[in-house]
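For reference, the structure discussed in these notes is given below.
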Amino acid sequence: MAGRCSMRDTCGKKGLFGRDLPCPYDGPAVQPDNRDLLTSICGAEFASGPTCCTSAQLETLQSNFAQITGLGLILSGLSQQLQILFCKFTCSPNQHDFLNVTSTQQTDSGTAVASVDFFRWRPVRAGFFDSCKSVQMGATNGFAMDLIGGGAKTAPAFLKYLGDEKPIGSPFQINVPPESNGTPEDISRLDPPPRNCADNDLGSKCTCIDCPDICLTLPEVAEPATCNVGAVTCLSFALILVWCLAVGAFIGGVAIGRTIRKRREGRYERVALSAETASLSPRSHTRGLVGAGSLSQYLESENGHSMSTEDELGRGATLLDPVETAQPRQYKLNNVLRRMFYRLGYWSASSPWLMFCVIFILVGVLNIGWRNFEIETDPVRLWVSPTSATKQNKEFFDQHFGPFYRTEQIFVTTPEEGAVLSWDRLKYWFDVEKDIRSLTSTNGYTLDDVCFKPGGEEGACVVQSIGGWFGNSLDGYTSETWAEHLKECATYPVECLPDFQQPLQPQYVLGGVPLDDDDHKQYTKAVALVVTFVVSHLPGAEEWEESLRAYLLDLSERIEGEIGLRISFSTGVSLEEEINKSTNTDVTIVVLSYLAMFFYVSLTLGGGTRTDEDGFFRSLLTWARNFPGLFKKGASGALSIDSRMTPRWFPRLPRNLFIESKVSLALFGIFLVILSVSSSVGLFSFMGVKVTLIIAEVIPFLILAVGVDNVFILVHELDRQNLLHGPNAALLGGGATSPVEPRGGHFSQFDSSHDDVDAASVPLFLSAEERVARTVAKMGPSILLSSVTETVAFALGALVPMPAVRNFALYAAGSVLLNAILQVTVFVSALALDLRRAEANRIDCFPCVRLPVRIALLEGGGSGLGRIAKFIRRHYAPFLLQPIVKGVVVLVFSGVFVASVISIQHLELGLDQRLALPSDSYLVSYFDKLDAYFDVGPPVYFVSTDINVTKRDGQQALCGRFTTCDQLSIANVLEAERKRPDTSYISEPSASWIDDFLGWLDPAKEQCCRVLKRDPSVFCTPRQNSRQCRPCYEDREPAWNITMAGLPEGEEFMQYLRQWLISPTNEDCPQAGKASFGTALALGENEVIASHFRTYHKPLKSQADFIASYQAADRIANDISELTGARVFPYAIHYVFFEQYAYITATTQMVLGLGLATVLLITAILLGSWRTGTIVTGVVGLTVVTVMGVMALWGISLNALSLVNLVISLGIAVEFCAHVARAFMSAGSGLAVDHPAGQKERDERMWTALVDVGPSVLSGITFTKLIGMCVLALTRSRLLEIYYFRMWLTLIISGALHGLVLLPVILSVAGGPGFPLQEVDEEWMSNAIRNDYEYAPFLADDDSINSD
């Protein structure tokens, strides 16, 4: 029995350009008038029986199905699903059972259907949607549902989109009533079983790309193993536990020790009192000495007779009893170095002008290299190793596929960050875009000349803007209709294609879209408009971008006043220009910082010693107090014993203000710092090593820190030599030696010919040259130790592959070495000249002016110690060397170490590019808006090489849409990775060129691959008439099919491939390759050299995301390479900068580890003690660990910049420690560690070392750099603030604390045995002993004249 129909045939069109509408028909089904056409379209199901459709309706169906086939969906089975649906809808003989005409309309041909109800069961609808929702459109990196389903996410939304009446779609309204509305009595819902994409039937079976149910599941990505105890790592827990136990043990030990000591004191009180009244030798009067008399209990035998030091202590000498020294412990290398530096110092001081000539000639030769001076500003060449895989990949990509395009992006928001869209604002912005499109550069370039055109030269520019939804014009829209059209376009982007014919998803053009109560997006209330102009690397591109930047800067100043909007933007030239602008801004701050340090050094260099003259302000006060005496009667004739109390018209300023100051010497020392940097630049520029901005900004800071420290040490030691052997030395020592140079030239204790000279024969007064030579002899080895260690440590940084770090390491090592050479040569010569000037009473900076000799009545011998040295001598050293304080120091610093190690585990990687910009740069706002409102990730390309795609196995290794493709082909693996974006960071389907190319050959797509009928070897052009052409694979045996059997190989493959790449992508043939894949392949003569598969990362918001995206892509590429045997690598524009983070942790460990090993080796050799060398190395390591710990707390990430600063930290830490350690080793008698008097002896040596070099370290490096850092805090550059001010401040404080607090404590407890200097001033020591004096540095009596 024939069924009944609800509609049949066509009854005209709606409008002039509308499509055919069906006629309402309530009658029986009839036999078709063209059965062959019906079965060819709808299949064997309609091979017999009546139907409800006519030939005209079948032709319309055929045309619609051809569009679906043209999209490439025939490979997915989706076209079969849609074919079944609409064949039953149009031709089913039982149409009346599930279709009800609800309204009609009038046309020129009569009455036509206006709307129908289509009744389907919900499970059928859901199954139909589920079988279609994952089908992909590779060319657009999207899904077929975006094109044919309006991006629907549910079955009802999909059917609603298919049924909605619209110009491109259904010509009448098709409604699908839900089951909840009930079903009319004469209606039965259509329920054909939906086809499953996993079926074996080739008519419905899909491949893995379109059907997740049949995809092979990839193995889970192994997560790095972690160990945690609660919320903390096992390492942190262990360190905290050990430290807590140590604190408990320390507190318990102190408590127990005090208890035992109190009991012992009570038990032996009478014995102690008796010992106090015993008759002692004059040398046993301790007078509160820290170490004096500490050896007396070991220098007496049990029967009370005195024992010699050698008998009791062996080959050692105490600091307290130098006269009894039998044979001081010596270190040959030490003696060799002292003799060498003595001779160098004496020659430099004796022939200063010759030294100047020799050294400056050599320096001049080095500076010739400035002719090859070049500054490297290219970020890729700065931060990426030439052998880097990502750099090579980038070069390969640029060479074979062309450089990555340039983007000009604008964010439009309101001042209050509210809804940005309104009719007036929309009109205003469309005018702005019109201005940009017509913008002309200086040489006449426009956007059309430089933009990216995927359709070729005649195509449209890619401009991703809301204007694309409106055809770049608001004509035809009103204030009432624009919002509805916008919502329609945002919901169904395929309905509003821009002129470049690619769907614009809302996330590309709208940002900050809020949700309503039902979680539906409210597109008209978007907070930001996103506008992106894509520009190619063409001539004039940068010039046009500069014009665009100028236009947008002008627009940003007036747009808020004109329409209440704000813009944030970036052009292709913006970043480099703003970074250079930041550098120019930083120059002022850096120069001011240098000037502050120069000023400080110049004023303080001569203040290391104390004189008996009044200071500047005290002189003014004395003059003001005595000035009224000029007006008293008889005052002029009064005679004052102290001439300073005589009333004067003008104040009598202190001589040291003019004579003893060392401003010129300080400036010369600073000049040598600059000269060493300049010479290093010349040397390495000659060798072809380019300068970087880091070198220009950082190395002068570094060399100034190291060099000034050495300058202070040399000057302070010379001051000490002047006090002991200068013109007034007799007043201090009590002798009466004539202040003239001894006959026979100079006297050197370092020459073996004078070993038989006793102490008393050494002259008290020495010439200026001799004093300078002694200064260099004492401090030269210390300078050598620090300089060599720093030079080698910095040079190890050259092992880092990043050019910026490597070049910095080379320049720093060269600068440190050259600066040290200049300091022990020409600076020593300048030191001698300045000493002669001062002793000749000539004014500093004006040596031609000589002041008359002033007679001063000194009140007694002075110590010559400055304020800092006095503080260390009287307060700091005694306090630090107390046993209880040592314990507290060790506990505190061990706690800092534990905290630092815990903090380091949270140290982040990366470098936010916003930090390189000035704080007021317009790009800062742009990057903020980019993070907040742009939810699109960057594109990523997986490039395949070494695959022969002209053979079937090569094609199967790439493809994904054919049934014989390898399960683990590139396309299938990328699709499997897309389904786990949390680990792969891939969020979009990949564009597979091989699938689209082979699909283009399908003869069912009649407008795609075509050849001339008369000559099949010639391809048809797009404009040739269809009657002259036929499909390429028509009537081929075997026919085109999804098993790939019969598809082209070899030369035929290349022939078709070349034609596909030049075939225009349009509505007639969306699978043509020109627009979508024109740059995706690199072709050789008869081969495909390389090709890429394009996809997209998920939105990347943080540095961690960018780093993880690269690591994930690299992992995926390696897995594919291993599976296919081909070389596959990933490429994205940011990979080249983030590859370093894959190995920067290991690089940091290597550089710092090698640096510490170098420190250990050099310090152990030059100090003559592995124990002391190990301690110095450990303290240096703790300094660097502390700096790294503070980095995590202060928001400083680990990157190339901070790695440079960590290398600097290592060098500066050596500077803090080396001089103290050297002074400690040079002030001792060599007692064994386990000797009963060993602890006191080490305390006294450390006391001496702190007083000797502590002031120089504090003045020369700590205070100098702190002043420079204070000025640097004023910078507007976040990069300088974070990576220089914060890190260097941390470094200085950490280095000073570790070098002047922790190191003295550890050395005083476990330092190696020392080596007494031969130049210990025997004549002064013998005088002190004959006058019953103890060695001055160990006296703690502040009231004593010689206590200092």
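Starting from 1 in every chain, residues are counted up; chains themselves are A, B, ... following the order of the structure tokens, and ligands are numbered from 1 as listed.
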
Quick one: residues within 10 Å of Ile695 of chain A, only C-alpha atoms, excluding same-chain residues fewer than 3 positions away - as a PyMOL selection string? chain A and resi 375+677+681+690-692+698-702+804-805+807-812

May I have the selected residues written with N, CA and C atoms, as a PDB file, in the first residue's frame?
ATOM      1  N   ILE A 375      77.886  45.432  17.798  1.00  0.00           N
ATOM      2  CA  ILE A 375      76.912  45.142  18.850  1.00  0.00           C
ATOM      3  C   ILE A 375      75.867  44.186  18.293  1.00  0.00           C
ATOM      4  N   VAL A 677      88.180  47.241  30.749  1.00  0.00           N
ATOM      5  CA  VAL A 677      86.994  46.852  29.987  1.00  0.00           C
ATOM      6  C   VAL A 677      87.181  47.199  28.516  1.00  0.00           C
ATOM      7  N   VAL A 681      87.259  44.622  25.385  1.00  0.00           N
ATOM      8  CA  VAL A 681      86.390  44.765  24.216  1.00  0.00           C
ATOM      9  C   VAL A 681      87.219  44.777  22.935  1.00  0.00           C
ATOM     10  N   LYS A 690      81.194  39.455  19.398  1.00  0.00           N
ATOM     11  CA  LYS A 690      80.394  40.676  19.410  1.00  0.00           C
ATOM     12  C   LYS A 690      80.013  41.090  20.827  1.00  0.00           C
ATOM     13  N   VAL A 691      79.816  42.386  20.989  1.00  0.00           N
ATOM     14  CA  VAL A 691      79.402  42.951  22.276  1.00  0.00           C
ATOM     15  C   VAL A 691      77.879  42.871  22.376  1.00  0.00           C
ATOM     16  N   THR A 692      77.379  42.644  23.579  1.00  0.00           N
ATOM     17  CA  THR A 692      75.939  42.651  23.827  1.00  0.00           C
ATOM     18  C   THR A 692      75.615  43.734  24.843  1.00  0.00           C
ATOM     19  N   VAL A 698      76.670  45.456  32.461  1.00  0.00           N
ATOM     20  CA  VAL A 698      77.011  44.673  33.647  1.00  0.00           C
ATOM     21  C   VAL A 698      78.498  44.643  33.931  1.00  0.00           C
ATOM     22  N   ILE A 699      79.320  44.440  32.894  1.00  0.00           N
ATOM     23  CA  ILE A 699      80.746  44.220  33.140  1.00  0.00           C
ATOM     24  C   ILE A 699      81.408  45.405  33.850  1.00  0.00           C
ATOM     25  N   PRO A 700      81.127  46.680  33.477  1.00  0.00           N
ATOM     26  CA  PRO A 700      81.731  47.761  34.262  1.00  0.00           C
ATOM     27  C   PRO A 700      81.366  47.682  35.744  1.00  0.00           C
ATOM     28  N   PHE A 701      80.122  47.317  36.063  1.00  0.00           N
ATOM     29  CA  PHE A 701      79.753  47.108  37.463  1.00  0.00           C
ATOM     30  C   PHE A 701      80.633  46.044  38.089  1.00  0.00           C
ATOM     31  N   LEU A 702      80.756  44.938  37.390  1.00  0.00           N
ATOM     32  CA  LEU A 702      81.515  43.804  37.919  1.00  0.00           C
ATOM     33  C   LEU A 702      82.979  44.163  38.132  1.00  0.00           C
ATOM     34  N   ALA A 804      74.948  35.133  24.307  1.00  0.00           N
ATOM     35  CA  ALA A 804      74.969  36.250  25.244  1.00  0.00           C
ATOM     36  C   ALA A 804      75.744  35.881  26.505  1.00  0.00           C
ATOM     37  N   VAL A 805      75.527  34.682  27.012  1.00  0.00           N
ATOM     38  CA  VAL A 805      76.224  34.232  28.219  1.00  0.00           C
ATOM     39  C   VAL A 805      77.686  33.946  27.898  1.00  0.00           C
ATOM     40  N   ASN A 807      79.589  35.183  25.440  1.00  0.00           N
ATOM     41  CA  ASN A 807      80.319  36.424  25.200  1.00  0.00           C
ATOM     42  C   ASN A 807      80.555  37.191  26.488  1.00  0.00           C
ATOM     43  N   PHE A 808      79.544  37.210  27.359  1.00  0.00           N
ATOM     44  CA  PHE A 808      79.730  37.876  28.648  1.00  0.00           C
ATOM     45  C   PHE A 808      80.866  37.224  29.427  1.00  0.00           C
ATOM     46  N   ALA A 809      80.878  35.903  29.449  1.00  0.00           N
ATOM     47  CA  ALA A 809      81.914  35.197  30.212  1.00  0.00           C
ATOM     48  C   ALA A 809      83.304  35.533  29.682  1.00  0.00           C
ATOM     49  N   LEU A 810      83.449  35.575  28.365  1.00  0.00           N
ATOM     50  CA  LEU A 810      84.756  35.891  27.787  1.00  0.00           C
ATOM     51  C   LEU A 810      85.170  37.324  28.110  1.00  0.00           C
ATOM     52  N   TYR A 811      84.247  38.265  27.924  1.00  0.00           N
ATOM     53  CA  TYR A 811      84.573  39.663  28.203  1.00  0.00           C
ATOM     54  C   TYR A 811      84.860  39.873  29.689  1.00  0.00           C
ATOM     55  N   ALA A 812      84.085  39.216  30.557  1.00  0.00           N
ATOM     56  CA  ALA A 812      84.298  39.375  31.999  1.00  0.00           C
ATOM     57  C   ALA A 812      85.648  38.803  32.415  1.00  0.00           C
TER      58      ALA A 812
END

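Take atom CA of Ser593 of chain A and atom CA of Leu1272 of chain A: the distance between them is 6.0 Å.
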
For each of A:Val1011, A:Met1246, A:Leu1123, A:Cys91, take the minimum atom-to-atom distance to Ile41 of chain A, counting only C-alpha atoms, then give the residue where this is smallest.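 Closest residue, counting only C-alpha atoms: A:Cys91.
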
Write out as a PyMOL selection string the set of residues from segment 1141-1288 of chain A that DSSP, computed on the backbone, places in helix (DSSP H, G or I). chain A and resi 1141-1142+1144-1167+1170-1193+1200-1225+1238-1272+1278-1288

Of A:Ile1162, A:Val1136, A:Ala830, A:Val1088, the one nearest to Leu354 of chain A when counting only C-alpha atoms is A:Ala830

Pick out the closest residue to Gly1268 of chain A from this set: A:Ile589, A:Lys13, A:His537, A:Val1220. Count only C-alpha atoms. A:Ile589

Would you return as an mmCIF file with all heavy atoms, in the first residue's frame the members of segment 930-960 of chain A that DSSP assigns to strand (DSSP E) on this structure's backbone?
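See selection.cif below for the written result:
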data_model
loop_
_atom_site.group_PDB
_atom_site.id
_atom_site.type_symbol
_atom_site.label_atom_id
_atom_site.label_comp_id
_atom_site.auth_asym_id
_atom_site.auth_seq_id
_atom_site.Cartn_x
_atom_site.Cartn_y
_atom_site.Cartn_z
ATOM 1 N N PRO A 939 50.089 29.095 16.518
ATOM 2 C CA PRO A 939 50.160 27.934 15.622
ATOM 3 C C PRO A 939 51.460 27.168 15.808
ATOM 4 O O PRO A 939 52.493 27.733 16.153
ATOM 5 C CB PRO A 939 50.073 28.565 14.233
ATOM 6 C CG PRO A 939 50.583 29.953 14.409
ATOM 7 C CD PRO A 939 50.187 30.367 15.799
ATOM 8 N N VAL A 940 51.391 25.861 15.577
ATOM 9 C CA VAL A 940 52.576 25.018 15.660
ATOM 10 C C VAL A 940 52.583 24.110 14.429
ATOM 11 O O VAL A 940 51.535 23.606 14.013
ATOM 12 C CB VAL A 940 52.603 24.193 16.966
ATOM 13 C CG1 VAL A 940 51.329 23.405 17.166
ATOM 14 C CG2 VAL A 940 53.797 23.248 16.980
ATOM 15 N N TYR A 941 53.761 23.946 13.854
ATOM 16 C CA TYR A 941 53.917 23.158 12.632
ATOM 17 C C TYR A 941 54.800 21.943 12.930
ATOM 18 O O TYR A 941 55.890 22.100 13.488
ATOM 19 C CB TYR A 941 54.562 23.988 11.535
ATOM 20 C CG TYR A 941 53.807 25.253 11.198
ATOM 21 C CD1 TYR A 941 54.022 26.424 11.926
ATOM 22 C CD2 TYR A 941 52.890 25.295 10.153
ATOM 23 C CE1 TYR A 941 53.333 27.588 11.625
ATOM 24 C CE2 TYR A 941 52.198 26.448 9.847
ATOM 25 C CZ TYR A 941 52.424 27.593 10.589
ATOM 26 O OH TYR A 941 51.742 28.745 10.296
ATOM 27 N N PHE A 942 54.322 20.772 12.544
ATOM 28 C CA PHE A 942 55.139 19.568 12.643
ATOM 29 C C PHE A 942 55.668 19.262 11.245
ATOM 30 O O PHE A 942 54.922 18.880 10.344
ATOM 31 C CB PHE A 942 54.326 18.408 13.209
ATOM 32 C CG PHE A 942 54.046 18.541 14.675
ATOM 33 C CD1 PHE A 942 52.928 19.222 15.113
ATOM 34 C CD2 PHE A 942 54.919 18.015 15.609
ATOM 35 C CE1 PHE A 942 52.677 19.373 16.469
ATOM 36 C CE2 PHE A 942 54.676 18.160 16.969
ATOM 37 C CZ PHE A 942 53.553 18.847 17.401
ATOM 38 N N VAL A 943 56.959 19.481 11.081
ATOM 39 C CA VAL A 943 57.602 19.384 9.774
ATOM 40 C C VAL A 943 58.176 17.987 9.600
ATOM 41 O O VAL A 943 58.893 17.486 10.483
ATOM 42 C CB VAL A 943 58.715 20.439 9.628
ATOM 43 C CG1 VAL A 943 59.373 20.333 8.263
ATOM 44 C CG2 VAL A 943 58.149 21.836 9.840
ATOM 45 N N SER A 944 57.856 17.362 8.486
ATOM 46 C CA SER A 944 58.363 16.017 8.203
ATOM 47 C C SER A 944 59.317 16.070 7.020
ATOM 48 O O SER A 944 59.057 16.730 6.017
ATOM 49 C CB SER A 944 57.204 15.062 7.899
ATOM 50 O OG SER A 944 56.535 15.457 6.721
ATOM 51 N N THR A 945 60.427 15.394 7.150
ATOM 52 C CA THR A 945 61.402 15.261 6.064
ATOM 53 C C THR A 945 61.806 13.800 5.969
ATOM 54 O O THR A 945 61.472 12.982 6.844
ATOM 55 C CB THR A 945 62.646 16.134 6.319
ATOM 56 O OG1 THR A 945 63.275 15.701 7.537
ATOM 57 C CG2 THR A 945 62.272 17.602 6.458
#

Which value, in Å to one decimal, gives the distance between atom CA of Ile1089 of chain A and atom CA of Leu1057 of chain A?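 For atom CA of Ile1089 of chain A relative to atom CA of Leu1057 of chain A, the distance reads 13.1 Å.
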
Set the distance at 6 Å and use only C-alpha atoms: which residues neighbour segment 48-61 of chain A once local chain neighbours fewer than 6 positions away are removed? I'd like the list as a compact mmCIF listing (two decimals) with C-alpha atoms, in the first residue's frame.
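What landed in out.txt:
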# COMPACT_ATOMS: atom_id res chain seq x y z
CA CYS A 5 3.12 12.60 1.32
CA ARG A 8 6.02 17.19 -3.31
CA ASP A 9 7.48 18.98 -6.31
CA ALA A 29 3.22 8.68 -3.05
CA VAL A 30 3.76 8.15 -6.76
CA GLN A 31 6.30 6.38 -8.92
CA CYS A 91 11.50 11.24 -0.98
CA SER A 92 10.24 8.79 1.64
CA PRO A 93 6.85 7.29 0.59

Which residues of segment 1185-1241 of chain A come within 12 Å of segment 792-801 of chain A, and what is each one's closest atom pair and distance in Å (one decimal), counting only C-alpha atoms, sorted by chain and residue number, as JSON lines?
{"residue": "A:Ala1200", "atom": "CA", "partner": "A:Val800", "partner_atom": "CA", "distance": 9.7}
{"residue": "A:Leu1203", "atom": "CA", "partner": "A:Gly797", "partner_atom": "CA", "distance": 9.4}
{"residue": "A:Val1204", "atom": "CA", "partner": "A:Gly797", "partner_atom": "CA", "distance": 8.2}
{"residue": "A:Asn1205", "atom": "CA", "partner": "A:Phe794", "partner_atom": "CA", "distance": 10.9}
{"residue": "A:Leu1206", "atom": "CA", "partner": "A:Gly797", "partner_atom": "CA", "distance": 10.3}
{"residue": "A:Val1207", "atom": "CA", "partner": "A:Phe794", "partner_atom": "CA", "distance": 6.6}
{"residue": "A:Ile1208", "atom": "CA", "partner": "A:Phe794", "partner_atom": "CA", "distance": 7.6}
{"residue": "A:Ser1209", "atom": "CA", "partner": "A:Phe794", "partner_atom": "CA", "distance": 10.3}
{"residue": "A:Leu1210", "atom": "CA", "partner": "A:Ala793", "partner_atom": "CA", "distance": 7.6}
{"residue": "A:Gly1211", "atom": "CA", "partner": "A:Ala793", "partner_atom": "CA", "distance": 6.8}
{"residue": "A:Ile1212", "atom": "CA", "partner": "A:Ala793", "partner_atom": "CA", "distance": 10.6}
{"residue": "A:Ala1213", "atom": "CA", "partner": "A:Ala793", "partner_atom": "CA", "distance": 11.3}
{"residue": "A:Val1214", "atom": "CA", "partner": "A:Ala793", "partner_atom": "CA", "distance": 9.6}
{"residue": "A:Glu1215", "atom": "CA", "partner": "A:Ala793", "partner_atom": "CA", "distance": 11.9}

Selected residues written out, C-alpha atoms, as a compact mmCIF listing (two decimals), in the first residue's frame:
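Here's the written file again.txt:
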# COMPACT_ATOMS: atom_id res chain seq x y z
CA ALA A 1200 70.03 33.52 30.71
CA LEU A 1203 72.47 32.73 34.95
CA VAL A 1204 74.91 35.52 34.08
CA ASN A 1205 74.28 37.05 37.48
CA LEU A 1206 74.82 33.71 39.20
CA VAL A 1207 78.21 33.44 37.50
CA ILE A 1208 78.88 36.97 38.76
CA SER A 1209 77.76 35.87 42.23
CA LEU A 1210 80.38 33.17 42.15
CA GLY A 1211 83.09 35.67 41.22
CA ILE A 1212 82.05 38.32 43.73
CA ALA A 1213 81.77 35.72 46.48
CA VAL A 1214 85.37 34.75 45.76
CA GLU A 1215 86.32 38.41 46.11

Please identify all polymer residues within 9 Å of Gln913 of chain A, counting only C-alpha atoms, omitting same-chain residues fewer than 3 positions from it, and present them as an MDAnalysis selection string. chainID A and resid 916:917 927

Of the candidates A:Leu665, A:Ala47, A:Leu1279, A:Leu1258, which shows the shortest atom-to-atom distance to Pro32 of chain A, using only C-alpha atoms?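 Going through A:Leu665, A:Ala47, A:Leu1279, A:Leu1258 one by one, the smallest distance to Pro32 of chain A is for A:Ala47.
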
Pick out the residues sitting within 12 Å of Cys845 of chain A, and hand them over as a list in words; count only C-alpha atoms, and ignore anything fewer than 3 positions along from it in its own chain. Ser602, Leu657, Phe658, Ile659, Glu660, Ser661, Lys662, Val663, Ser664, Leu665, Ala666, Leu667, Phe668, Asp834, Arg837, Ala838, Arg842, Cys848, Val849 and Arg850 of chain A

Convert the current residue selection to file output with N, CA, C and O atoms, as a tab-separated table (two decimals), in the first residue's frame.
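Output below, filename part32.tsv:
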chain	number	residue	atom	x	y	z
A	602	SER	N	86.31	58.04	45.35
A	602	SER	CA	87.23	59.18	45.37
A	602	SER	C	87.32	59.81	46.75
A	602	SER	O	88.40	60.24	47.18
A	657	LEU	N	93.04	67.17	54.17
A	657	LEU	CA	92.04	67.53	53.18
A	657	LEU	C	92.71	67.84	51.84
A	657	LEU	O	92.12	67.62	50.78
A	658	PHE	N	93.95	68.30	51.89
A	658	PHE	CA	94.66	68.65	50.67
A	658	PHE	C	95.77	67.67	50.33
A	658	PHE	O	95.99	67.37	49.16
A	659	ILE	N	96.45	67.18	51.36
A	659	ILE	CA	97.64	66.36	51.12
A	659	ILE	C	97.31	64.87	51.15
A	659	ILE	O	97.67	64.11	50.25
A	660	GLU	N	96.61	64.44	52.21
A	660	GLU	CA	96.39	63.02	52.42
A	660	GLU	C	95.23	62.46	51.59
A	660	GLU	O	95.05	61.24	51.51
A	661	SER	N	94.41	63.30	51.02
A	661	SER	CA	93.32	62.79	50.19
A	661	SER	C	93.89	62.13	48.94
A	661	SER	O	94.99	62.47	48.50
A	662	LYS	N	93.12	61.21	48.39
A	662	LYS	CA	93.61	60.43	47.24
A	662	LYS	C	92.57	60.44	46.12
A	662	LYS	O	92.29	59.40	45.51
A	663	VAL	N	92.01	61.60	45.86
A	663	VAL	CA	91.01	61.71	44.80
A	663	VAL	C	91.62	61.37	43.45
A	663	VAL	O	91.05	60.61	42.66
A	664	SER	N	92.78	61.93	43.16
A	664	SER	CA	93.41	61.67	41.86
A	664	SER	C	93.78	60.19	41.73
A	664	SER	O	93.62	59.60	40.65
A	665	LEU	N	94.24	59.57	42.82
A	665	LEU	CA	94.58	58.16	42.77
A	665	LEU	C	93.34	57.31	42.55
A	665	LEU	O	93.36	56.33	41.79
A	666	ALA	N	92.23	57.69	43.22
A	666	ALA	CA	90.99	56.96	43.04
A	666	ALA	C	90.48	57.07	41.61
A	666	ALA	O	90.05	56.09	41.01
A	667	LEU	N	90.55	58.27	41.06
A	667	LEU	CA	90.12	58.46	39.68
A	667	LEU	C	90.99	57.65	38.72
A	667	LEU	O	90.51	57.12	37.72
A	668	PHE	N	92.29	57.58	39.03
A	668	PHE	CA	93.17	56.79	38.19
A	668	PHE	C	92.82	55.30	38.28
A	668	PHE	O	92.83	54.58	37.28
A	834	ASP	N	101.99	59.07	43.95
A	834	ASP	CA	101.11	59.76	44.89
A	834	ASP	C	101.74	59.82	46.27
A	834	ASP	O	101.58	60.81	47.00
A	837	ARG	N	104.24	62.56	46.23
A	837	ARG	CA	103.52	63.84	46.27
A	837	ARG	C	103.11	64.20	47.69
A	837	ARG	O	103.32	65.33	48.16
A	838	ALA	N	102.56	63.23	48.40
A	838	ALA	CA	102.09	63.50	49.75
A	838	ALA	C	103.24	63.83	50.68
A	838	ALA	O	103.15	64.76	51.51
A	842	ARG	N	102.57	68.22	48.57
A	842	ARG	CA	101.90	68.77	47.40
A	842	ARG	C	100.41	68.41	47.44
A	842	ARG	O	100.03	67.34	47.92
A	848	CYS	N	101.33	70.64	41.46
A	848	CYS	CA	102.27	71.75	41.30
A	848	CYS	C	102.23	72.70	42.48
A	848	CYS	O	103.16	73.51	42.68
A	849	VAL	N	101.19	72.65	43.28
A	849	VAL	CA	101.03	73.53	44.44
A	849	VAL	C	101.56	72.79	45.66
A	849	VAL	O	101.09	71.70	45.98
A	850	ARG	N	102.50	73.46	46.35
A	850	ARG	CA	103.12	72.81	47.51
A	850	ARG	C	102.83	73.64	48.75
A	850	ARG	O	103.04	74.87	48.76

How many Å lie between atom CA of Val1305 of chain A and atom CA of Arg774 of chain A, rounded to one decimal? 29.0 Å
